[in-house]
Amino acid sequence: MEQVKVMSTKVSPFGMSVLIGLEEKGVKYEYQEEDLLTKKSDLLLQMNPVHKKVPVLIHNGKPICESLIILQYIDEVWNFNQFLPSMPYERATARFWADFANKFYESVAPIVKSKGEDQEQGKRNLLERLQLLEGALKEMSAGGSLPFFSGKDFGFLDIVFIPYASFFHAFETIGNFKIPFESEYPLLDAWVKRCIERDSVKKVLPSFDKVLEVALHLRKKVLVD
Amino acid sequence: MEQVKVLSTWFSPFGRRILIALEEIGVKYEYQEEDLSNKSELLLQMNPVHKKIPVLVHNDQPICESQIILQYIDETWDSKQVSPFDRALARFWADFADKKFFDSGIRIVKSKDEAQEQAKREMLENLQFLEGALKEMSVSGSLPFFGGKDFGFLDIVLAPYVSWFHIFETIGNFKIPFETEYPLLDAWGKRCMERESVKKILPSSDRLLERVFQIRKKFVVD
């Protein structure tokens with residue numbers, strides 16, 4: 001009998017990808033919420049002694065860490081309705097953009113964690129990166145004629161990117177600006193609206209207000225210290 | 001007819017690992033040395049997002065990011081039968097090696113005094129983790145490689161770093177206690193350096209050291 005457990009936090013975009021992945025495969029799992037600010041659980045420290053970070057997937061007692069590695073593991077173990085494409089070049093392209101997504105978060109975190117010029121740079125980074133993603137989506141969806149980054153089916157890149165959608169509202173509110181989706185990133189706009197209708201995404205993504213609340217809390221802590 | 005080209009520099013360990021992988025499989029390739037202060041049109045065209053090396057160009061299609069390239073090479077020419085968990089484990093340690101281990105090394109190069117001491121402490125901690133990983137993956141040293149009996153993904157990722165240990169020791173003015181603290185890594189490193197592909201591809205320590213001193217001068221006044 002399979003035992004699958006995920007340790008994460010409600011607002012970790014990396015954790016959200018893992019949970020969406022499991023939901024898409026229909027895998028039953030147990031979820032453990034971690035309190036990263038106050039006290040990490042013993043299980044987390046035992047299962048991820050190197051980084052002490054979430055998310056962690058524990059499958060039949062064995063830990064797998066790092067969200068992109070976990071997603072690929074899920075895809076390989078439950079090898080039906082594959083997230084990653086089958087051809088090596090398309091797989092490499094998907095992995096490239098997933099790697100890009102991972103680095104994305106760091107470059108836009110100043111919107112929440114900083115003010116003044118650092119915050120402005122964070123906002124510029126966000127718009128630049130959205131531009132690149134719009135371009136990638138245009139190519140991968142054949143000019144918007146296919147619904148997803150992965151083409152006709154919701155796949156790897158869709159799972160990796162959709163958690164960021166829950167942050168846009170927090171970025172706009174805290175950064176006091178409007179992300180010009182309709183005019184500048186129309187394909188991304190349509191793609192987000194499409195993805196948030198999916199059962200797995202609806203179940204996993206926190207509300208935009210919840211994310212804003214957590215972001216404001218984080219901002220208060222970081223700016224005061 | 002396959003057309004394989006690699007854009008890289010002679011000193012980047014990320015680039016060296018791609019060449020080692022191609023040599024291991026016996027794929028013929030063309031190599032283009034890049035001058036990072038004057039990047040070629042081809043590089044800018046093939047990696048417009050990051051403008052970095054290495055890039056593998058296969059039948060005019062570019063693949064970027066060294067670990068992604070390695071997986072592409074494996075899937076295209078030499079698919080090894082590895083279990084999902086072992087694959088995940090190898091990917092995890094490869095990610096750790098680049099993010100944490102090499103990063104602490106680069107900080108040894110680019111700093112001095114307390115910042116450098118901190119970087120040295122972290123490097124020794126990181127080596128401890130890698131020694132532990134090797135112990136697990138080689139079944140306590142009874143198998144020769146991170147990949148078990150095969151020179152695998154993680155071995156290829158880490159092999160270029162063997163030539164960097166000496167660099168970090170020299171610049172950090174310390175001796176990494178391999179024999180006492182990291183004996184499995186020590187034996188593994190020596191084993192790697194005997195491999196044809198690694199001998200062919202890795203630059204000499206002296207040449208690398210000279211280059212790293214040049215880099216250090218830009219960051220630190222000794």
# chains A, B, ... in the order shown; residues from 1 in each chain; ligands from 1
>>> residues_around(residues="stretch 52-63 of chain A", least_positions_apart="3", cutoff="10 Å", atoms="only C-alpha atoms", output="PyMOL selection string")
(chain A and resi 1-9+12-19+29-34+36+40-41+44-49+66-67+70-71+73-74) or (chain B and resi 85+88-89)
>>> closest_residue(among="A:Leu212, A:Leu22, A:Leu188, A:Ile64", to="A:Trp78", atoms="only C-alpha atoms")
A:Leu22
>>> closest_residue(among="A:Ala92, A:Leu132, A:Ala142, A:Leu84", to="A:Phe104", atoms="only C-alpha atoms")
A:Leu132
>>> residues_around(residues="stretch 160-170 of chain B", least_positions_apart="3", cutoff="8 Å", atoms="only C-alpha atoms", output="JSON, numbers by chain")
{"B": [13, 14, 16, 17, 102, 105, 108, 109, 156, 157, 173, 174, 175, 176, 189, 193, 198, 202, 203, 204, 205, 208, 209, 212]}
>>> atom_distance(atom1="atom CA of B:Lys135", atom2="atom CA of B:Asp150")
15.1 Å
